[in-house]
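Working notes for the structure below.
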Amino acid sequence: MSTELIVPTLGESITEATVSKWLKNIGDNFEADEPLVEIETDKITVEVPAPHAGSLKEIKVSEGTDVEIGGILGILNESKSKTPSPKKTENKEEKIKEEVKAVKVETKSSPAKSSPSARKIAEENNIKLEDVTSSRSDGRINKEDVVSHLSFSNKKTTNKGEREEVVKMSKIRQTISKRLKEAQNTAAILTTFNEIDMSKVMEIRKSKNQEFQSRYEVKLGFMSFFVKAVVKSLQEYPAVNAEIKDENIIYKNHFDIGIAVGTEKGLVVPILKDADQLSFGEIETKIIDLSTKAKDGTLTMDDLTGGTFTISNGGVYGSMLSTPIINRPQSGILGMHNIQKRAVVVNDEIVIRPMMYVALSYDHRIIDGKESVGFLVKVKELLEDPSELVLGI
């Protein structure tokens with residue numbers, strides 16, 4: 001008996017995906033729920049599991065080919081045996097025990113901590129994990145580290161006589177390009193700028209970081225201060241948290257803040273849901289969790305769905321100033337930048353202060369200049385005197 005392997009529903013806004021890699025060849029056997037094929041959407045890469053035990057009869061969509069949601073990926077032969085015999089079950093249990101034992105031995109002797117996806121890619125490409133450099137502070141090797149290592153190795157072996165290399169854009173990169181252009185063509189994007197004296201925030205981080213870390217097991221970063229300041233400012237200027245749909249303006253009474261994260265495949269924006277209800281510790285913890293999942297390629301559709309406003313931190317790459325593009329259908333995005341000591345005038349005296357330029361790009365169709373400037377000034381005031389954020393008043 002044959003069954004069809006269907007592209008599952010992956011989210012309301014996703015209509016198609018790309019087959020990135022078949023994990024089984026024609027004729028290969030598999031168990032129920034075993035991953036058969038990897039598909040890549042504009043946001044994430046997911047594995048499609050087997051609906052039942054059987055074998056792969058036919059591949060309908062080859063690697064690198066687009067397929068619509070609900071489309072047929074392949075044809076499966078269903079296993080005739082519904083109930084395994086006691087002997088087979090016993091053999092299977094023994095096999096599992098041996099595999100577990102092998103995994104334990106391998107883990108013990110492994111020179112580097114790594115994610116399952118990283119080990120898989122490394123094994124497929126004959127890469128030793130000890131040769132891969134981790135991008136994480138804890139030394140754990142993720143999927144992007146192995147891909148980066150492989151890309152660098154390939155570049156070193158490329159013929160020096162070749163002046164150009166043609167590489168097909170990934171689904172994520174294609175969608176990023178499309179949506180950025182759509183945002184420019186649809187929204188009337190303007191950007192307003194300001195600068196923030198980060199002295200008070202830095203003093204709090206220095207004096208409270210150890211206590212904060214012992215309580216929440218994460219460091220007290222800048223992002224939690226910015227998320228808190230943004231939420232309070234959005235509450236005061238609701239148009240910045242709204243969106244246009246057809247001829248209507250939809251004002252959001254919830255505050256789901258997108259945090260832009262750069263990955264090997266491109267920029268993704270996981271969502272910090274109900275940020276107004278989170279403490280500083282919860283914000284920092286959730287941001288680390290989302291960033292780790294983004295870099296490991298394990299974000300779910302729920303992690304990426306929604307969002308009423310976005311924060312992008314170009315400062316981590318050393319950016320001094322930028323004009324971020326809004327993430328449609330949102331109406332605003334805040335750009336953070338690196339902190340530099342500069343000479344500024346305070347009470348008619350020239351002093352040295354750690355300053356950050358910030359930029360608010362907004363849709364002028366819904367947000368007026370007065371609101372945009374007022375919003376950014378409010379963010380500035382809250383961060384320069386963070387007592388309101390800390391005390392919650």
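By convention in this document, the chains of the structure tokens carry letters A, B, ... by their order, each chain's residues are numbered from 1, and ligands are numbered from 1 in the order they are shown.
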Note to self: Need to verify the contact set: Met223 of chain A, 9 Å, only C-alpha atoms, exclusion of same-chain residues closer than 6 positions in sequence. Can you return it as a VMD selection string?
What the structure shows: chain A and resid 283 to 284 287 311 313
Selection file, C-alpha atoms, as a compact mmCIF listing (two decimals), in the first residue's frame:
```txt
# COMPACT_ATOMS: atom_id res chain seq x y z
CA ILE A 283 13.44 39.26 28.90
CA GLU A 284 17.17 38.45 28.99
CA ILE A 287 16.28 36.65 24.20
CA ILE A 311 14.40 46.28 17.62
CA ASN A 313 20.99 46.05 17.22
```
Next item on the list: May I have the residues within 9 Å of segment 202-212 of chain A as a PyMOL selection string, using only C-alpha atoms and disregarding those fewer than 5 positions away in the same chain?
Entry: chain A and resi 217-222+281+354+386
Notebook entry, point to check: segment 237-334 of chain A: which residues are strand (DSSP E or B) by DSSP, as a PyMOL selection string?
Noted result: chain A and resi 243-245+248-250+257-259+261-263+266-268+271-272+309-313+332-334
For the selection you just gave me, I'd like the residues written to a file as a short mmCIF file (atom, residue, chain, number, x, y, z; two decimals), in the first residue's frame, keeping N, CA and C atoms.
```cif
data_model
loop_
_atom_site.label_atom_id
_atom_site.label_comp_id
_atom_site.auth_asym_id
_atom_site.auth_seq_id
_atom_site.Cartn_x
_atom_site.Cartn_y
_atom_site.Cartn_z
N GLU A 243 -0.73 49.03 12.74
CA GLU A 243 -0.43 48.68 11.35
C GLU A 243 -1.61 49.06 10.46
N ILE A 244 -1.35 49.22 9.19
CA ILE A 244 -2.39 49.53 8.22
C ILE A 244 -2.82 48.25 7.51
N LYS A 245 -4.11 48.02 7.45
CA LYS A 245 -4.66 46.89 6.71
C LYS A 245 -5.81 47.38 5.86
N ASN A 248 -7.93 50.48 6.85
CA ASN A 248 -8.11 50.56 8.30
C ASN A 248 -6.77 50.63 9.02
N ILE A 249 -6.80 51.24 10.21
CA ILE A 249 -5.64 51.23 11.10
C ILE A 249 -5.96 50.30 12.25
N ILE A 250 -5.08 49.31 12.47
CA ILE A 250 -5.29 48.35 13.54
C ILE A 250 -4.36 48.69 14.69
N ILE A 257 7.46 42.12 20.78
CA ILE A 257 8.62 42.83 20.24
C ILE A 257 9.53 41.87 19.48
N GLY A 258 9.76 42.16 18.21
CA GLY A 258 10.67 41.37 17.40
C GLY A 258 12.12 41.77 17.68
N ILE A 259 12.99 40.78 17.85
CA ILE A 259 14.41 41.01 18.09
C ILE A 259 15.18 40.49 16.89
N VAL A 261 17.89 39.04 14.64
CA VAL A 261 19.06 38.21 14.91
C VAL A 261 19.71 37.80 13.59
N GLY A 262 20.99 38.06 13.46
CA GLY A 262 21.73 37.67 12.26
C GLY A 262 22.17 36.22 12.36
N THR A 263 21.92 35.43 11.31
CA THR A 263 22.35 34.04 11.27
C THR A 263 23.14 33.80 9.99
N GLY A 266 20.90 34.39 7.04
CA GLY A 266 20.31 35.71 6.89
C GLY A 266 19.66 36.18 8.17
N LEU A 267 18.97 37.31 8.08
CA LEU A 267 18.35 37.91 9.25
C LEU A 267 17.00 37.28 9.54
N VAL A 268 16.79 36.88 10.79
CA VAL A 268 15.48 36.40 11.24
C VAL A 268 15.04 37.25 12.43
N ILE A 271 10.14 36.54 17.98
CA ILE A 271 9.26 37.47 18.68
C ILE A 271 9.26 37.23 20.19
N LEU A 272 9.43 38.31 20.92
CA LEU A 272 9.33 38.30 22.38
C LEU A 272 7.87 38.61 22.72
N PHE A 309 6.35 45.41 16.79
CA PHE A 309 7.42 46.40 16.66
C PHE A 309 8.74 45.62 16.73
N THR A 310 9.78 46.15 16.07
CA THR A 310 11.06 45.44 16.01
C THR A 310 12.21 46.30 16.53
N ILE A 311 13.15 45.64 17.20
CA ILE A 311 14.40 46.28 17.62
C ILE A 311 15.55 45.58 16.91
N SER A 312 16.41 46.35 16.27
CA SER A 312 17.58 45.81 15.57
C SER A 312 18.84 46.42 16.17
N ASN A 313 19.78 45.57 16.56
CA ASN A 313 20.99 46.05 17.22
C ASN A 313 22.20 45.92 16.29
N GLY A 332 6.98 50.43 12.62
CA GLY A 332 8.18 51.06 13.17
C GLY A 332 9.25 50.05 13.53
N ILE A 333 10.50 50.50 13.50
CA ILE A 333 11.64 49.68 13.91
C ILE A 333 12.68 50.60 14.54
N LEU A 334 13.23 50.17 15.68
CA LEU A 334 14.25 50.95 16.38
C LEU A 334 15.61 50.34 16.10
#
```
Next item on the list: Mind checking which residues fall within 12 Å of Gly315 of chain A, counting only C-alpha atoms, ignoring those fewer than 6 positions away in the same chain, and posting them as number ranges by chain?
Entry: A: 222-223, 321-322, 335-340, 355-359
Write a file of the just-selected residues containing N, CA and C atoms, as a CSV table (one decimal), in the first residue's frame.
```csv
chain,number,residue,atom,x,y,z
A,222,PHE,N,22.0,45.1,27.7
A,222,PHE,CA,21.4,46.4,27.3
A,222,PHE,C,19.9,46.1,26.8
A,223,MET,N,19.7,45.0,26.1
A,223,MET,CA,18.5,44.8,25.4
A,223,MET,C,17.3,44.8,26.3
A,321,LEU,N,25.8,54.2,12.9
A,321,LEU,CA,24.5,54.8,12.6
A,321,LEU,C,24.0,54.1,11.3
A,322,SER,N,22.7,53.9,11.3
A,322,SER,CA,22.0,53.2,10.2
A,322,SER,C,20.6,53.7,10.1
A,335,GLY,N,16.5,51.2,15.7
A,335,GLY,CA,17.9,50.7,15.4
A,335,GLY,C,18.8,51.2,16.5
A,336,MET,N,19.5,50.2,17.2
A,336,MET,CA,20.5,50.5,18.2
A,336,MET,C,21.9,50.5,17.6
A,337,HIS,N,22.8,51.2,18.1
A,337,HIS,CA,24.1,51.2,17.5
A,337,HIS,C,25.2,51.1,18.6
A,338,ASN,N,26.5,51.1,18.2
A,338,ASN,CA,27.5,50.9,19.2
A,338,ASN,C,27.7,52.1,20.1
A,339,ILE,N,28.2,51.8,21.3
A,339,ILE,CA,28.4,52.9,22.3
A,339,ILE,C,29.8,53.4,22.2
A,340,GLN,N,30.0,54.7,22.1
A,340,GLN,CA,31.3,55.3,22.0
A,340,GLN,C,31.4,56.5,23.0
A,355,MET,N,28.0,57.4,24.6
A,355,MET,CA,26.8,57.8,23.9
A,355,MET,C,26.5,56.7,22.8
A,356,MET,N,25.2,56.6,22.6
A,356,MET,CA,24.7,55.7,21.5
A,356,MET,C,23.7,56.5,20.6
A,357,TYR,N,24.0,56.4,19.3
A,357,TYR,CA,23.0,56.9,18.4
A,357,TYR,C,21.9,55.9,18.2
A,358,VAL,N,20.7,56.4,18.1
A,358,VAL,CA,19.5,55.5,17.9
A,358,VAL,C,18.7,56.1,16.7
A,359,ALA,N,18.1,55.2,16.0
A,359,ALA,CA,17.3,55.6,14.8
A,359,ALA,C,15.9,54.9,14.8
```
Next item on the list: Extract the full set of alpha helix (DSSP H) residues from segment 105-340 of chain A according to DSSP on the backbone, and format it as a ChimeraX atom specification.
Entry: /A:105-109,116-124,143-157,171-186,199-216,223-236,280-296,301-304
Margin query: Restricting the calculation to only C-alpha atoms: of A:Gly318, A:Asp296, A:Glu31, A:Ser55, which residue gets closest to Ser134 of chain A?
Written below: A:Asp296
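Shortest atom-to-atom contact with Val167 of chain A among A:Leu10, A:Ala53, A:Gly64, A:Leu360: A:Gly64, counting only C-alpha atoms.
Comparing A:Val201, A:Leu73, A:Leu36, A:Ile121 by their smallest distance to Val7 of chain A, the closest is A:Leu73 (using only C-alpha atoms).
When atom CA of Phe225 of chain A is paired with atom CA of Val351 of chain A, their separation reads 23.9 Å.
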Can I get the residues of segment 261-379 of chain A within 12 Å of segment 13-22 of chain A, each with the closest pair of atoms and their distance in Å to one decimal, using only C-alpha atoms, sorted chain first then ascending number, as CSV?
```
residue,atom,partner,partner_atom,distance
A:Met301,CA,A:Ile14,CA,9.8
A:Leu304,CA,A:Ser13,CA,10.9
A:Thr305,CA,A:Ser13,CA,9.0
A:Gly306,CA,A:Ser13,CA,10.4
A:Pro329,CA,A:Ser13,CA,11.9
```
Preceding selection exported with C-alpha atoms as a PDB file, in the first residue's frame:
```
ATOM      1  CA  MET A 301       6.791  29.096  13.444  1.00  0.00           C
ATOM      2  CA  LEU A 304       8.495  33.895  14.375  1.00  0.00           C
ATOM      3  CA  THR A 305       4.779  34.615  14.162  1.00  0.00           C
ATOM      4  CA  GLY A 306       3.319  38.016  14.967  1.00  0.00           C
ATOM      5  CA  PRO A 329       3.255  44.909   8.264  1.00  0.00           C
TER       6      PRO A 329
END
```
Check: In Å, with one decimal, what is the gap from atom CA of Gly297 of chain A to atom CA of Glu282 of chain A?
Finding: 22.1 Å
Notebook entry, point to check: Which is closer to Ile39 of chain A than all the others in A:Asn347, A:Val61, A:Asp289, A:Gln330, using only C-alpha atoms?
Noted result: A:Val61
Next item on the list: Figure out the distance between atom CA of Leu23 of chain A and atom CA of Glu38 of chain A, please, to one decimal in Å.
Entry: 7.2 Å
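Residue neighbourhood of Arg365 of chain A, excluding near-sequence residues (fewer than 3 positions): Ala187, Ala188, Ile189, Ile244, Ser331, Tyr362 and Asp368 of chain A, at 9 Å, using only C-alpha atoms.
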Margin query: Could you list, as an MDAnalysis selection string, every residue within 12 Å of Asn25 of chain A, counting only C-alpha atoms and ignoring same-chain residues fewer than 2 positions away?
Written below: chainID A and resid 21:23 27:30 36:37 55:59 62:63 74:76
Those residues with N, CA and C atoms, as an mmCIF file, in the first residue's frame please?
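Below is the file result-v8.cif, written as the result:
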```
data_model
loop_
_atom_site.group_PDB
_atom_site.id
_atom_site.type_symbol
_atom_site.label_atom_id
_atom_site.label_comp_id
_atom_site.auth_asym_id
_atom_site.auth_seq_id
_atom_site.Cartn_x
_atom_site.Cartn_y
_atom_site.Cartn_z
ATOM 1 N N LYS A 21 17.143 19.019 1.339
ATOM 2 C CA LYS A 21 17.916 17.772 1.389
ATOM 3 C C LYS A 21 17.009 16.580 1.675
ATOM 4 N N TRP A 22 17.141 15.548 0.850
ATOM 5 C CA TRP A 22 16.474 14.281 1.149
ATOM 6 C C TRP A 22 17.350 13.488 2.107
ATOM 7 N N LEU A 23 16.774 13.007 3.194
ATOM 8 C CA LEU A 23 17.512 12.259 4.211
ATOM 9 C C LEU A 23 17.469 10.756 3.954
ATOM 10 N N GLY A 27 14.094 3.395 -1.871
ATOM 11 C CA GLY A 27 14.330 2.025 -1.417
ATOM 12 C C GLY A 27 14.717 1.921 0.037
ATOM 13 N N ASP A 28 15.131 3.032 0.645
ATOM 14 C CA ASP A 28 15.525 3.005 2.062
ATOM 15 C C ASP A 28 14.312 2.778 2.967
ATOM 16 N N ASN A 29 14.522 2.002 4.005
ATOM 17 C CA ASN A 29 13.474 1.770 5.002
ATOM 18 C C ASN A 29 13.526 2.838 6.092
ATOM 19 N N PHE A 30 12.417 3.020 6.776
ATOM 20 C CA PHE A 30 12.359 4.004 7.855
ATOM 21 C C PHE A 30 11.283 3.593 8.844
ATOM 22 N N LEU A 36 12.410 12.281 6.992
ATOM 23 C CA LEU A 36 12.650 11.803 5.635
ATOM 24 C C LEU A 36 13.281 12.861 4.737
ATOM 25 N N VAL A 37 12.895 14.130 4.943
ATOM 26 C CA VAL A 37 13.368 15.188 4.051
ATOM 27 C C VAL A 37 13.390 16.517 4.802
ATOM 28 N N SER A 55 9.036 2.265 3.432
ATOM 29 C CA SER A 55 10.214 2.550 2.605
ATOM 30 C C SER A 55 9.871 3.648 1.613
ATOM 31 N N LEU A 56 10.917 4.314 1.114
ATOM 32 C CA LEU A 56 10.715 5.406 0.155
ATOM 33 C C LEU A 56 10.605 4.824 -1.254
ATOM 34 N N LYS A 57 9.435 4.966 -1.854
ATOM 35 C CA LYS A 57 9.177 4.400 -3.179
ATOM 36 C C LYS A 57 9.569 5.356 -4.298
ATOM 37 N N GLU A 58 9.248 6.633 -4.130
ATOM 38 C CA GLU A 58 9.477 7.596 -5.217
ATOM 39 C C GLU A 58 9.686 8.992 -4.661
ATOM 40 N N ILE A 59 10.618 9.742 -5.260
ATOM 41 C CA ILE A 59 10.844 11.148 -4.906
ATOM 42 C C ILE A 59 10.194 12.018 -5.977
ATOM 43 N N SER A 62 12.725 17.080 -6.308
ATOM 44 C CA SER A 62 14.170 16.940 -6.112
ATOM 45 C C SER A 62 14.718 18.083 -5.266
ATOM 46 N N GLU A 63 15.935 17.917 -4.767
ATOM 47 C CA GLU A 63 16.581 18.934 -3.935
ATOM 48 C C GLU A 63 16.771 20.236 -4.715
ATOM 49 N N GLY A 74 6.844 12.997 -2.020
ATOM 50 C CA GLY A 74 7.250 11.670 -2.459
ATOM 51 C C GLY A 74 6.163 10.649 -2.179
ATOM 52 N N ILE A 75 6.430 9.413 -2.648
ATOM 53 C CA ILE A 75 5.498 8.304 -2.435
ATOM 54 C C ILE A 75 6.163 7.298 -1.513
ATOM 55 N N LEU A 76 5.405 6.834 -0.520
ATOM 56 C CA LEU A 76 5.927 5.908 0.482
ATOM 57 C C LEU A 76 5.235 4.560 0.381
#
```
Checklist line | Shell around Lys168 of chain A at 12 Å using only C-alpha atoms, local window under 5 positions removed, as a PyMOL selection string | finding: chain A and resi 64-65+173-174
